[in-house]
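As stored in run_33.pdb (PDB, C-alpha atoms):
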ATOM      1  CA  MET X   1     103.417 112.480 164.275
ATOM      2  CA  LYS X   2     101.398 113.746 161.344
ATOM      3  CA  GLU X   3     104.178 116.142 160.394
ATOM      4  CA  LEU X   4     106.777 113.334 160.581
ATOM      5  CA  PHE X   5     104.689 111.161 158.289
ATOM      6  CA  ILE X   6     104.453 113.975 155.761
ATOM      7  CA  VAL X   7     108.225 114.481 155.860
ATOM      8  CA  ILE X   8     108.877 110.779 155.300
ATOM      9  CA  VAL X   9     106.504 110.710 152.338
ATOM     10  CA  ILE X  10     108.201 113.779 150.855
ATOM     11  CA  LEU X  11     111.656 112.239 151.310
ATOM     12  CA  LEU X  12     110.663 108.904 149.772
ATOM     13  CA  SER X  13     108.578 110.244 146.912
ATOM     14  CA  PRO X  14     111.512 110.798 144.505
ATOM     15  CA  PHE X  15     112.466 107.132 144.839
ATOM     16  CA  VAL X  16     108.876 106.011 144.221
ATOM     17  CA  VAL X  17     108.538 108.284 141.214
ATOM     18  CA  SER X  18     111.937 107.186 139.939
ATOM     19  CA  SER X  19     110.941 103.504 140.183
ATOM     20  CA  GLN X  20     107.646 104.150 138.442
ATOM     21  CA  ASP X  21     109.394 106.108 135.697
ATOM     22  CA  LYS X  22     111.832 103.239 135.162
ATOM     23  CA  ASP X  23     109.051 100.659 134.920
ATOM     24  CA  SER X  24     107.098 102.875 132.543
ATOM     25  CA  ALA X  25     110.142 103.259 130.318
ATOM     26  CA  ILE X  26     110.711  99.490 130.184
ATOM     27  CA  ILE X  27     107.052  98.855 129.381
ATOM     28  CA  ALA X  28     107.233 101.458 126.606
ATOM     29  CA  ASP X  29     110.357  99.776 125.205
ATOM     30  CA  ILE X  30     108.626  96.375 125.229
ATOM     31  CA  TYR X  31     105.578  97.844 123.542
ATOM     32  CA  ASN X  32     107.598  99.564 120.816
ATOM     33  CA  GLU X  33     109.837  96.573 120.164
ATOM     34  CA  ALA X  34     106.858  94.253 119.753
ATOM     35  CA  LEU X  35     105.081  96.597 117.348
ATOM     36  CA  LEU X  36     108.050  97.679 115.250
ATOM     37  CA  SER X  37     110.138  94.507 114.844
ATOM     38  CA  GLY X  38     107.816  92.430 112.632
ATOM     39  CA  PHE X  39     109.228  89.276 114.216
ATOM     40  CA  SER X  40     105.901  87.784 115.280
ATOM     41  CA  MET X  41     104.209  88.353 111.935
ATOM     42  CA  ASN X  42     107.128  86.938 109.951
ATOM     43  CA  THR X  43     107.325  83.871 112.197
ATOM     44  CA  LEU X  44     103.579  83.336 111.974
ATOM     45  CA  GLN X  45     103.607  83.729 108.208
ATOM     46  CA  TYR X  46     106.237  81.021 107.815
ATOM     47  CA  LEU X  47     104.450  78.691 110.228
ATOM     48  CA  CYS X  48     101.134  79.055 108.397
ATOM     49  CA  THR X  49     102.153  79.352 104.739
ATOM     50  CA  GLU X  50     105.397  77.385 104.478
ATOM     51  CA  ILE X  51     104.412  74.618 106.915
ATOM     52  CA  GLY X  52     100.627  74.950 106.894
ATOM     53  CA  PRO X  53      98.074  72.730 108.702
ATOM     54  CA  ARG X  54      99.702  70.816 111.547
ATOM     55  CA  MET X  55      97.622  67.857 112.690
ATOM     56  CA  THR X  56      99.301  65.773 115.378
ATOM     57  CA  GLY X  57     101.148  62.799 113.960
ATOM     58  CA  THR X  58     101.733  64.440 110.567
ATOM     59  CA  GLU X  59     104.894  65.499 108.759
ATOM     60  CA  GLN X  60     103.757  69.133 109.020
ATOM     61  CA  ALA X  61     103.543  68.856 112.806
ATOM     62  CA  ASP X  62     107.090  67.488 112.877
ATOM     63  CA  LYS X  63     108.256  70.405 110.721
ATOM     64  CA  ALA X  64     106.586  72.867 113.101
ATOM     65  CA  VAL X  65     108.453  71.313 116.031
ATOM     66  CA  GLU X  66     111.795  71.672 114.261
ATOM     67  CA  TYR X  67     111.053  75.200 113.082
ATOM     68  CA  THR X  68     110.076  76.616 116.479
ATOM     69  CA  TYR X  69     112.999  74.769 118.100
ATOM     70  CA  GLU X  70     115.399  76.484 115.692
ATOM     71  CA  VAL X  71     113.728  79.883 116.147
ATOM     72  CA  MET X  72     114.141  79.741 119.913
ATOM     73  CA  GLN X  73     117.725  78.464 119.677
ATOM     74  CA  LYS X  74     118.666  81.513 117.633
ATOM     75  CA  LEU X  75     117.490  83.767 120.477
ATOM     76  CA  ASN X  76     120.404  82.565 122.671
ATOM     77  CA  VAL X  77     118.209  81.958 125.695
ATOM     78  CA  ASP X  78     119.460  79.825 128.570
ATOM     79  CA  SER X  79     117.951  76.560 127.360
ATOM     80  CA  VAL X  80     115.873  75.165 124.511
ATOM     81  CA  TYR X  81     114.760  71.558 124.497
ATOM     82  CA  LYS X  82     112.142  69.120 123.217
ATOM     83  CA  GLN X  83     109.848  67.275 125.600
ATOM     84  CA  GLU X  84     108.615  63.931 124.295
ATOM     85  CA  VAL X  85     104.854  63.434 124.345
ATOM     86  CA  LYS X  86     102.496  60.773 122.981
ATOM     87  CA  VAL X  87      99.832  62.251 120.707
ATOM     88  CA  PRO X  88      96.691  60.956 118.958
ATOM     89  CA  ASN X  89      97.025  60.033 115.309
ATOM     90  CA  TRP X  90      93.816  60.540 113.327
ATOM     91  CA  ASN X  91      94.268  60.542 109.570
ATOM     92  CA  ILE X  92      92.152  61.627 106.619
ATOM     93  CA  TYR X  93      92.975  59.814 103.391
ATOM     94  CA  LYS X  94      90.217  61.426 101.333
ATOM     95  CA  ARG X  95      88.342  64.578 102.282
ATOM     96  CA  ALA X  96      84.651  64.479 103.072
ATOM     97  CA  SER X  97      81.929  65.034 100.492
ATOM     98  CA  ALA X  98      78.135  65.233 100.612
ATOM     99  CA  THR X  99      75.615  65.023  97.789
ATOM    100  CA  LEU X 100      71.953  65.973  98.092
ATOM    101  CA  TYR X 101      69.613  63.841  95.954
ATOM    102  CA  GLN X 102      66.327  65.572  95.177
ATOM    103  CA  ASP X 103      63.826  64.865  92.379
ATOM    104  CA  GLY X 104      66.403  63.159  90.189
ATOM    105  CA  LYS X 105      68.919  65.992  90.644
ATOM    106  CA  GLU X 106      72.195  66.064  92.546
ATOM    107  CA  GLN X 107      73.698  68.972  94.474
ATOM    108  CA  ASN X 108      77.028  69.055  96.260
ATOM    109  CA  LEU X 109      77.095  70.478  99.788
ATOM    110  CA  ASN X 110      80.022  72.149 101.538
ATOM    111  CA  VAL X 111      81.128  69.728 104.239
ATOM    112  CA  ASP X 112      84.236  68.607 106.076
ATOM    113  CA  ALA X 113      85.021  65.921 108.607
ATOM    114  CA  VAL X 114      84.516  66.610 112.285
ATOM    115  CA  GLY X 115      87.814  65.964 114.061
ATOM    116  CA  GLY X 116      88.089  62.321 115.084
ATOM    117  CA  SER X 117      85.177  61.016 113.017
ATOM    118  CA  VAL X 118      85.160  57.514 111.618
ATOM    119  CA  GLY X 119      84.859  57.150 107.860
ATOM    120  CA  THR X 120      82.177  55.658 105.624
ATOM    121  CA  SER X 121      84.051  52.383 104.963
ATOM    122  CA  GLY X 122      85.211  53.332 101.491
ATOM    123  CA  LYS X 123      81.758  53.881 100.005
ATOM    124  CA  GLU X 124      78.972  56.414  99.875
ATOM    125  CA  LEU X 125      76.607  56.267 102.822
ATOM    126  CA  LYS X 126      73.190  57.227 101.455
ATOM    127  CA  ALA X 127      70.075  57.728 103.571
ATOM    128  CA  GLN X 128      67.119  59.976 104.276
ATOM    129  CA  VAL X 129      67.681  62.995 106.500
ATOM    130  CA  VAL X 130      65.932  64.064 109.700
ATOM    131  CA  GLU X 131      66.454  67.632 110.897
ATOM    132  CA  ILE X 132      66.809  68.271 114.626
ATOM    133  CA  ARG X 133      67.017  71.732 116.210
ATOM    134  CA  SER X 134      67.503  70.887 119.895
ATOM    135  CA  ARG X 135      69.093  68.230 122.062
ATOM    136  CA  LYS X 136      65.778  67.185 123.586
ATOM    137  CA  GLU X 137      64.377  66.505 120.139
ATOM    138  CA  ILE X 138      66.671  63.503 119.634
ATOM    139  CA  LYS X 139      65.082  61.678 122.551
ATOM    140  CA  ARG X 140      61.595  62.839 121.612
ATOM    141  CA  LEU X 141      61.837  61.482 118.054
ATOM    142  CA  GLY X 142      63.487  58.281 119.247
ATOM    143  CA  ARG X 143      64.481  55.152 117.363
ATOM    144  CA  GLU X 144      61.174  55.022 115.505
ATOM    145  CA  ASN X 145      62.067  58.154 113.535
ATOM    146  CA  LEU X 146      65.872  58.112 113.567
ATOM    147  CA  GLU X 147      66.910  54.521 112.869
ATOM    148  CA  GLY X 148      68.691  54.185 109.547
ATOM    149  CA  LYS X 149      68.627  57.955 108.980
ATOM    150  CA  ILE X 150      71.217  60.709 108.733
ATOM    151  CA  VAL X 151      70.510  63.136 111.548
ATOM    152  CA  PHE X 152      70.967  66.791 110.621
ATOM    153  CA  LEU X 153      71.784  68.692 113.830
ATOM    154  CA  ASN X 154      70.778  72.259 113.067
ATOM    155  CA  GLN X 155      70.744  74.186 116.340
ATOM    156  CA  LYS X 156      71.952  77.705 115.559
ATOM    157  CA  MET X 157      74.245  79.661 117.818
ATOM    158  CA  ASP X 158      72.247  82.289 119.680
ATOM    159  CA  ALA X 159      73.212  85.629 118.130
ATOM    160  CA  THR X 160      71.375  87.556 120.857
ATOM    161  CA  LEU X 161      73.837  86.527 123.576
ATOM    162  CA  LEU X 162      76.346  89.217 124.490
ATOM    163  CA  ASN X 163      79.122  86.663 124.957
ATOM    164  CA  PRO X 164      79.710  84.744 121.679
ATOM    165  CA  PHE X 165      81.540  81.981 123.548
ATOM    166  CA  GLN X 166      78.399  81.315 125.571
ATOM    167  CA  ALA X 167      76.495  80.918 122.302
ATOM    168  CA  TYR X 168      79.224  78.601 121.073
ATOM    169  CA  GLY X 169      79.134  76.526 124.242
ATOM    170  CA  GLU X 170      75.365  76.099 124.152
ATOM    171  CA  ALA X 171      75.480  74.769 120.587
ATOM    172  CA  ALA X 172      78.717  72.748 120.845
ATOM    173  CA  TRP X 173      76.971  69.580 122.102
ATOM    174  CA  GLN X 174      76.042  68.892 118.473
ATOM    175  CA  ARG X 175      79.642  68.545 117.387
ATOM    176  CA  VAL X 176      81.089  67.048 120.562
ATOM    177  CA  HIS X 177      78.383  64.531 121.512
ATOM    178  CA  GLY X 178      75.873  64.600 118.664
ATOM    179  CA  ALA X 179      77.121  61.519 116.814
ATOM    180  CA  SER X 180      76.868  59.206 119.824
ATOM    181  CA  GLU X 181      73.540  60.639 120.981
ATOM    182  CA  ALA X 182      72.027  60.077 117.523
ATOM    183  CA  ALA X 183      73.641  56.637 117.217
ATOM    184  CA  GLU X 184      71.927  55.513 120.417
ATOM    185  CA  TYR X 185      68.656  55.783 118.473
ATOM    186  CA  GLY X 186      69.923  54.011 115.367
ATOM    187  CA  ALA X 187      71.143  56.927 113.215
ATOM    188  CA  VAL X 188      73.778  55.991 110.618
ATOM    189  CA  ALA X 189      75.546  59.392 110.445
ATOM    190  CA  VAL X 190      75.209  63.009 111.510
ATOM    191  CA  LEU X 191      75.534  66.305 109.696
ATOM    192  CA  ILE X 192      76.436  69.156 112.068
ATOM    193  CA  ARG X 193      75.673  72.809 111.488
ATOM    194  CA  SER X 194      79.029  74.603 111.693
ATOM    195  CA  LEU X 195      79.505  76.470 114.956
ATOM    196  CA  SER X 196      79.611  80.003 113.640
ATOM    197  CA  LEU X 197      77.540  83.161 113.721
ATOM    198  CA  THR X 198      78.705  83.975 110.194
ATOM    199  CA  ALA X 199      76.733  82.974 107.107
ATOM    200  CA  ASP X 200      79.327  81.489 104.740
ATOM    201  CA  ASP X 201      80.290  78.433 102.694
ATOM    202  CA  TYR X 202      83.127  77.230 104.936
ATOM    203  CA  PRO X 203      82.459  74.203 107.153
ATOM    204  CA  HIS X 204      84.122  74.399 110.578
ATOM    205  CA  THR X 205      85.731  71.346 112.095
ATOM    206  CA  GLY X 206      86.536  70.726 115.751
ATOM    207  CA  ILE X 207      86.822  67.981 118.337
ATOM    208  CA  MET X 208      84.181  65.311 118.909
ATOM    209  CA  ARG X 209      83.835  62.489 121.442
ATOM    210  CA  TYR X 210      82.406  59.015 120.970
ATOM    211  CA  LYS X 211      80.563  57.462 123.900
ATOM    212  CA  GLU X 212      81.970  54.145 124.997
ATOM    213  CA  GLY X 213      79.729  51.228 124.098
ATOM    214  CA  VAL X 214      77.826  53.157 121.399
ATOM    215  CA  GLU X 215      78.377  52.476 117.705
ATOM    216  CA  LYS X 216      80.687  55.018 116.090
ATOM    217  CA  ILE X 217      79.036  56.749 113.153
ATOM    218  CA  PRO X 218      80.452  59.359 110.729
ATOM    219  CA  SER X 219      80.150  63.023 111.678
ATOM    220  CA  LEU X 220      80.477  65.777 109.072
ATOM    221  CA  ALA X 221      80.279  69.544 109.518
ATOM    222  CA  LEU X 222      78.074  71.507 107.125
ATOM    223  CA  SER X 223      78.621  75.179 106.231
ATOM    224  CA  THR X 224      76.090  77.593 107.695
ATOM    225  CA  ASN X 225      74.838  78.624 104.250
ATOM    226  CA  ASP X 226      74.236  75.011 103.256
ATOM    227  CA  ALA X 227      72.658  74.265 106.634
ATOM    228  CA  ASN X 228      70.098  76.970 105.910
ATOM    229  CA  LEU X 229      69.625  75.631 102.379
ATOM    230  CA  LEU X 230      69.167  72.037 103.522
ATOM    231  CA  SER X 231      66.638  73.107 106.150
ATOM    232  CA  ARG X 232      64.544  74.838 103.486
ATOM    233  CA  ILE X 233      64.766  71.862 101.130
ATOM    234  CA  LEU X 234      63.732  69.387 103.820
ATOM    235  CA  ARG X 235      60.576  71.354 104.509
ATOM    236  CA  ALA X 236      59.606  70.967 100.841
ATOM    237  CA  CYS X 237      61.056  67.484 100.336
ATOM    238  CA  PRO X 238      61.208  65.569 103.636
ATOM    239  CA  ASP X 239      62.011  62.279 101.861
ATOM    240  CA  CYS X 240      65.087  63.471  99.942
ATOM    241  CA  GLU X 241      68.377  61.685 100.572
ATOM    242  CA  ILE X 242      71.988  62.657 101.148
ATOM    243  CA  GLY X 243      75.071  60.620 100.280
ATOM    244  CA  LEU X 244      78.140  61.043 102.524
ATOM    245  CA  SER X 245      81.717  59.950 101.876
ATOM    246  CA  LEU X 246      84.744  60.175 104.151
ATOM    247  CA  ASP X 247      87.947  58.153 104.276
ATOM    248  CA  ALA X 248      89.349  58.681 107.770
ATOM    249  CA  LYS X 249      90.446  56.492 110.639
ATOM    250  CA  TRP X 250      92.372  56.378 113.872
ATOM    251  CA  GLU X 251      95.911  54.968 113.867
ATOM    252  CA  GLU X 252      98.078  54.086 116.856
ATOM    253  CA  ASP X 253      99.234  56.996 119.005
ATOM    254  CA  THR X 254     102.578  58.390 117.920
ATOM    255  CA  ILE X 255     105.451  60.326 119.444
ATOM    256  CA  SER X 256     105.823  64.076 119.047
ATOM    257  CA  TYR X 257     107.324  66.880 121.117
ATOM    258  CA  ASN X 258     106.548  69.978 123.099
ATOM    259  CA  VAL X 259     109.189  72.623 122.424
ATOM    260  CA  VAL X 260     110.438  74.537 125.470
ATOM    261  CA  GLY X 261     112.624  77.640 125.767
ATOM    262  CA  GLU X 262     113.710  79.279 129.040
ATOM    263  CA  ILE X 263     115.347  82.350 130.484
ATOM    264  CA  ARG X 264     116.501  81.370 133.955
ATOM    265  CA  GLY X 265     115.489  83.609 136.825
ATOM    266  CA  SER X 266     118.238  85.577 138.572
ATOM    267  CA  LYS X 267     116.810  85.435 142.113
ATOM    268  CA  TYR X 268     114.067  82.791 142.183
ATOM    269  CA  PRO X 269     114.984  80.357 139.370
ATOM    270  CA  GLU X 270     112.767  77.578 140.727
ATOM    271  CA  GLU X 271     109.698  79.821 140.505
ATOM    272  CA  ILE X 272     108.518  79.511 136.921
ATOM    273  CA  ILE X 273     106.236  81.716 134.843
ATOM    274  CA  THR X 274     104.950  79.700 131.884
ATOM    275  CA  VAL X 275     103.756  81.234 128.634
ATOM    276  CA  GLY X 276     102.647  79.081 125.725
ATOM    277  CA  GLY X 277     100.411  78.158 122.836
ATOM    278  CA  HIS X 278      99.481  74.932 121.072
ATOM    279  CA  LEU X 279     101.510  74.246 117.962
ATOM    280  CA  ASP X 280      99.114  71.837 116.261
ATOM    281  CA  SER X 281      96.169  72.899 114.112
ATOM    282  CA  TRP X 282      93.326  71.210 112.270
ATOM    283  CA  PHE X 283      93.831  69.479 108.924
ATOM    284  CA  ASN X 284      91.871  72.065 106.926
ATOM    285  CA  ASP X 285      93.357  75.256 108.331
ATOM    286  CA  PRO X 286      96.847  76.757 108.779
ATOM    287  CA  GLY X 287      95.923  77.682 112.347
ATOM    288  CA  ALA X 288      96.960  81.339 112.283
ATOM    289  CA  HIS X 289      94.584  82.278 115.082
ATOM    290  CA  ASP X 290      94.218  78.845 116.691
ATOM    291  CA  ASP X 291      96.917  78.862 117.859
ATOM    292  CA  GLY X 292      99.773  80.057 115.692
ATOM    293  CA  ALA X 293      99.420  83.590 117.033
ATOM    294  CA  GLY X 294      99.597  82.309 120.604
ATOM    295  CA  CYS X 295     102.798  80.431 119.772
ATOM    296  CA  VAL X 296     104.671  83.305 118.135
ATOM    297  CA  GLN X 297     103.562  85.797 120.786
ATOM    298  CA  SER X 298     104.921  83.444 123.439
ATOM    299  CA  ILE X 299     108.267  83.189 121.634
ATOM    300  CA  GLU X 300     108.208  86.980 121.404
ATOM    301  CA  VAL X 301     108.444  87.154 125.199
ATOM    302  CA  LEU X 302     111.858  85.482 125.054
ATOM    303  CA  ARG X 303     113.029  87.566 122.116
ATOM    304  CA  ILE X 304     112.068  90.909 123.634
ATOM    305  CA  PHE X 305     113.575  90.105 127.029
ATOM    306  CA  LYS X 306     116.852  89.171 125.341
ATOM    307  CA  LYS X 307     116.808  92.120 122.939
ATOM    308  CA  LEU X 308     116.200  94.662 125.703
ATOM    309  CA  GLY X 309     118.510  92.982 128.211
ATOM    310  CA  ILE X 310     115.746  92.362 130.740
ATOM    311  CA  GLN X 311     116.784  89.797 133.340
ATOM    312  CA  PRO X 312     113.723  88.361 135.119
ATOM    313  CA  LYS X 313     113.948  87.394 138.778
ATOM    314  CA  ARG X 314     111.858  84.292 138.069
ATOM    315  CA  THR X 315     112.344  81.778 135.270
ATOM    316  CA  ILE X 316     110.391  82.495 132.097
ATOM    317  CA  ARG X 317     109.392  79.253 130.396
ATOM    318  CA  VAL X 318     107.865  79.337 126.912
ATOM    319  CA  VAL X 319     106.185  76.158 125.676
ATOM    320  CA  MET X 320     104.945  75.145 122.229
ATOM    321  CA  PHE X 321     102.429  72.496 123.262
ATOM    322  CA  MET X 322     101.688  69.679 120.849
ATOM    323  CA  ASP X 323      98.064  68.424 120.888
ATOM    324  CA  GLU X 324      96.536  71.510 122.528
TER     325      GLU X 324
END

As structure tokens, how would this structure be written, given the file I've shared?
Amino acid sequence: MKELFIVIVILLSPFVVSSQDKDSAIIADIYNEALLSGFSMNTLQYLCTEIGPRMTGTEQADKAVEYTYEVMQKLNVDSVYKQEVKVPNWNIYKRASATLYQDGKEQNLNVDAVGGSVGTSGKELKAQVVEIRSRKEIKRLGRENLEGKIVFLNQKMDATLLNPFQAYGEAAWQRVHGASEAAEYGAVAVLIRSLSLTADDYPHTGIMRYKEGVEKIPSLALSTNDANLLSRILRACPDCEIGLSLDAKWEEDTISYNVVGEIRGSKYPEEIITVGGHLDSWFNDPGAHDDGAGCVQSIEVLRIFKKLGIQPKRTIRVVMFMDE
């Protein structure tokens, strides 16, 4: 029996090796085509520089839909179509600004709106500032110390954590929930330390959520360098004031589209493998990494399969999602 098993293995081994060699060759072809074509980089460059920031509900988002639709059509895949979707429509009519008032002097701070924030009703919102370094501190200080104040949420990301996303997650409450948690104790606005481990002058935006039944107050992101500066100034001048301005508001939801391209499977067409990225980006960034790269790499799957003549057994569906 043992001898028979050995014979069978010997007889079958050329077929196994042959199959492995074939797969390895295809993988090598995919690898080389992706690296040498330049398609992804050229597509990404156009998306980010010619179209630019792509907030949902904007003209740039519409242009991104049309562009990626045309790109996928040119690949001659089995189907390309648009899928209607209702998306939020938050608009900024004038970018955020912040001015520090200290001893008769004024100093501009690097700020930007947190995504979804209400505005300052067409005027400067000026108030004293209270610095908070932890979530528990909001409740501890309470209405007595926070009412009528701008709350400066200055919890740093923990640089000692091996996983940066864990550090991000532990500090993200400031941006996502900070405005409502401060508003519950009478705060009139919040300044959020940008969620970054880098010391720079660029404020980082991102999504926020307002708690139902709690007054909506403006939320602005502050660069990490200016967060450090403001913290030092407040220690020396705890009564100094900051003036905030932001013209932004929510409009009615609007219609946009997901863009879908497919290569139909030869054997199991109803079994679908989906690859995709979100086409929209924030108002202050062309979204090369988040998530332009994900979009063009997904389209690249279709292009390479077509270029190399690879026919998948299952349907490959590539989706440009609008509104993440």

Kindly give the distance, in Å, that separates CA of Glu33 in chain X and CA of Val318 in chain X, rounded to a single decimal.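 Going from CA of Glu33 in chain X over to CA of Val318 in chain X, I get 18.6 Å.
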
Of the listed residues X:Lys249, X:Lys139, X:Lys306, X:Arg95, that which approaches Met72 in chain X most closely, counting all atoms listed in the file: X:Lys306

Who sits within 10 Å of Ser117 in chain X, all atoms listed in the file, same chain under 2 positions skipped, as an MDAnalysis selection string: chainID X and resid 90:92 113:115 119:120 179 207:210 216:220 246:250

Which of X:Ala183, X:Ala64, X:Val176, X:Leu244 sits closest to Ala96 in chain X [using all atoms listed in the file]: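 Of X:Ala183, X:Ala64, X:Val176, X:Leu244, the one nearest Ala96 in chain X is X:Leu244, counting all atoms listed in the file.
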
So, counting all atoms listed in the file, which residue among X:Glu324, X:Asp291, X:Glu106, X:Asp78 is closest to Arg264 in chain X?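 So, comparing all the options, the nearest one is X:Asp78.
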
Within 9 Å of range 80-89 of chain X, which residues of range 191-272 of chain X come that close, and what is the closest atom pair and distance in Å for each? Count only C-alpha atoms and give it as CSV.
residue,atom,partner,partner_atom,distance
X:Lys249,CA,X:Asn89,CA,8.8
X:Trp250,CA,X:Asn89,CA,6.1
X:Glu251,CA,X:Asn89,CA,5.4
X:Glu252,CA,X:Asn89,CA,6.2
X:Asp253,CA,X:Pro88,CA,4.7
X:Thr254,CA,X:Val87,CA,5.5
X:Ile255,CA,X:Lys86,CA,4.6
X:Ser256,CA,X:Val85,CA,5.4
X:Tyr257,CA,X:Glu84,CA,4.5
X:Asn258,CA,X:Gln83,CA,4.9
X:Val259,CA,X:Lys82,CA,4.6
X:Val260,CA,X:Tyr81,CA,5.3
X:Gly261,CA,X:Val80,CA,4.3
X:Glu262,CA,X:Val80,CA,6.5

X:Glu124, X:Glu241, X:Glu184, X:Glu147 ranked by distance to Tyr101 in chain X, top pick (using all atoms listed in the file): X:Glu241

Which residues would end up in the selection if the PyMOL selection byres ((chain X and resi 298) around 12) were applied here, given that I need the answer as a PDB file with C-alpha atoms, in the frame of the given file?
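For reference, selection19.pdb as written:
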ATOM      1  CA  ALA X  34     106.858  94.253 119.753  1.00  0.00           C
ATOM      2  CA  PHE X  39     109.228  89.276 114.216  1.00  0.00           C
ATOM      3  CA  SER X  40     105.901  87.784 115.280  1.00  0.00           C
ATOM      4  CA  THR X  43     107.325  83.871 112.197  1.00  0.00           C
ATOM      5  CA  LEU X  44     103.579  83.336 111.974  1.00  0.00           C
ATOM      6  CA  THR X  68     110.076  76.616 116.479  1.00  0.00           C
ATOM      7  CA  VAL X  71     113.728  79.883 116.147  1.00  0.00           C
ATOM      8  CA  MET X  72     114.141  79.741 119.913  1.00  0.00           C
ATOM      9  CA  VAL X 259     109.189  72.623 122.424  1.00  0.00           C
ATOM     10  CA  VAL X 260     110.438  74.537 125.470  1.00  0.00           C
ATOM     11  CA  GLY X 261     112.624  77.640 125.767  1.00  0.00           C
ATOM     12  CA  GLU X 262     113.710  79.279 129.040  1.00  0.00           C
ATOM     13  CA  ILE X 273     106.236  81.716 134.843  1.00  0.00           C
ATOM     14  CA  THR X 274     104.950  79.700 131.884  1.00  0.00           C
ATOM     15  CA  VAL X 275     103.756  81.234 128.634  1.00  0.00           C
ATOM     16  CA  GLY X 276     102.647  79.081 125.725  1.00  0.00           C
ATOM     17  CA  GLY X 277     100.411  78.158 122.836  1.00  0.00           C
ATOM     18  CA  HIS X 278      99.481  74.932 121.072  1.00  0.00           C
ATOM     19  CA  LEU X 279     101.510  74.246 117.962  1.00  0.00           C
ATOM     20  CA  ASP X 291      96.917  78.862 117.859  1.00  0.00           C
ATOM     21  CA  GLY X 292      99.773  80.057 115.692  1.00  0.00           C
ATOM     22  CA  ALA X 293      99.420  83.590 117.033  1.00  0.00           C
ATOM     23  CA  GLY X 294      99.597  82.309 120.604  1.00  0.00           C
ATOM     24  CA  CYS X 295     102.798  80.431 119.772  1.00  0.00           C
ATOM     25  CA  VAL X 296     104.671  83.305 118.135  1.00  0.00           C
ATOM     26  CA  GLN X 297     103.562  85.797 120.786  1.00  0.00           C
ATOM     27  CA  ILE X 299     108.267  83.189 121.634  1.00  0.00           C
ATOM     28  CA  GLU X 300     108.208  86.980 121.404  1.00  0.00           C
ATOM     29  CA  VAL X 301     108.444  87.154 125.199  1.00  0.00           C
ATOM     30  CA  LEU X 302     111.858  85.482 125.054  1.00  0.00           C
ATOM     31  CA  ARG X 303     113.029  87.566 122.116  1.00  0.00           C
ATOM     32  CA  ILE X 304     112.068  90.909 123.634  1.00  0.00           C
ATOM     33  CA  PHE X 305     113.575  90.105 127.029  1.00  0.00           C
ATOM     34  CA  ILE X 316     110.391  82.495 132.097  1.00  0.00           C
ATOM     35  CA  ARG X 317     109.392  79.253 130.396  1.00  0.00           C
ATOM     36  CA  VAL X 318     107.865  79.337 126.912  1.00  0.00           C
ATOM     37  CA  VAL X 319     106.185  76.158 125.676  1.00  0.00           C
ATOM     38  CA  MET X 320     104.945  75.145 122.229  1.00  0.00           C
ATOM     39  CA  PHE X 321     102.429  72.496 123.262  1.00  0.00           C
TER      40      PHE X 321
END

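Among the candidate residues X:Ile272, X:Ala199, X:Ala171, X:Val129, the one lying nearest to Phe152 in chain X is X:Val129, with distances computed using only C-alpha atoms.
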
Name the residues, using the chain letters and numbers of the file, that sit within 12 Å of (75.1, 67.5, 122.8) when counting all atoms listed in the file, and give them as a ChimeraX atom specification. /X:132-139,153-155,168-182,192,208-211

Just give me the residues with any atom within 8 Å of (75.9, 79.1, 109.9), file coordinates, counting only C-alpha atoms, written as a ChimeraX atom specification. /X:156,193-200,223-228

Around all the atoms of range 240-256 of chain X listed in the file, with 4 Å of room on each side, what axis-aligned box do you get, giving centre and edge lengths in Å to one decimal, as AutoDock Vina command-line options?
--center_x 85.5 --center_y 59.1 --center_z 109.7 --size_x 48.7 --size_y 18.0 --size_z 27.5

Hey, what's within 6 Å of Val188 in chain X if we count all atoms listed in the file and toss same-chain stuff fewer than 4 positions away? As a PDB file with C-alpha atoms, in the frame of the given file, please?
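Resulting contents of selection06.pdb:
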ATOM      1  CA  GLY X 148      68.691  54.185 109.547  1.00  0.00           C
ATOM      2  CA  LYS X 149      68.627  57.955 108.980  1.00  0.00           C
ATOM      3  CA  ILE X 150      71.217  60.709 108.733  1.00  0.00           C
ATOM      4  CA  ILE X 217      79.036  56.749 113.153  1.00  0.00           C
TER       5      ILE X 217
END

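Nearest residue to Leu141 in chain X among X:Lys22, X:Ala187, X:Leu35, X:Asn76 is X:Ala187, counting all atoms listed in the file.
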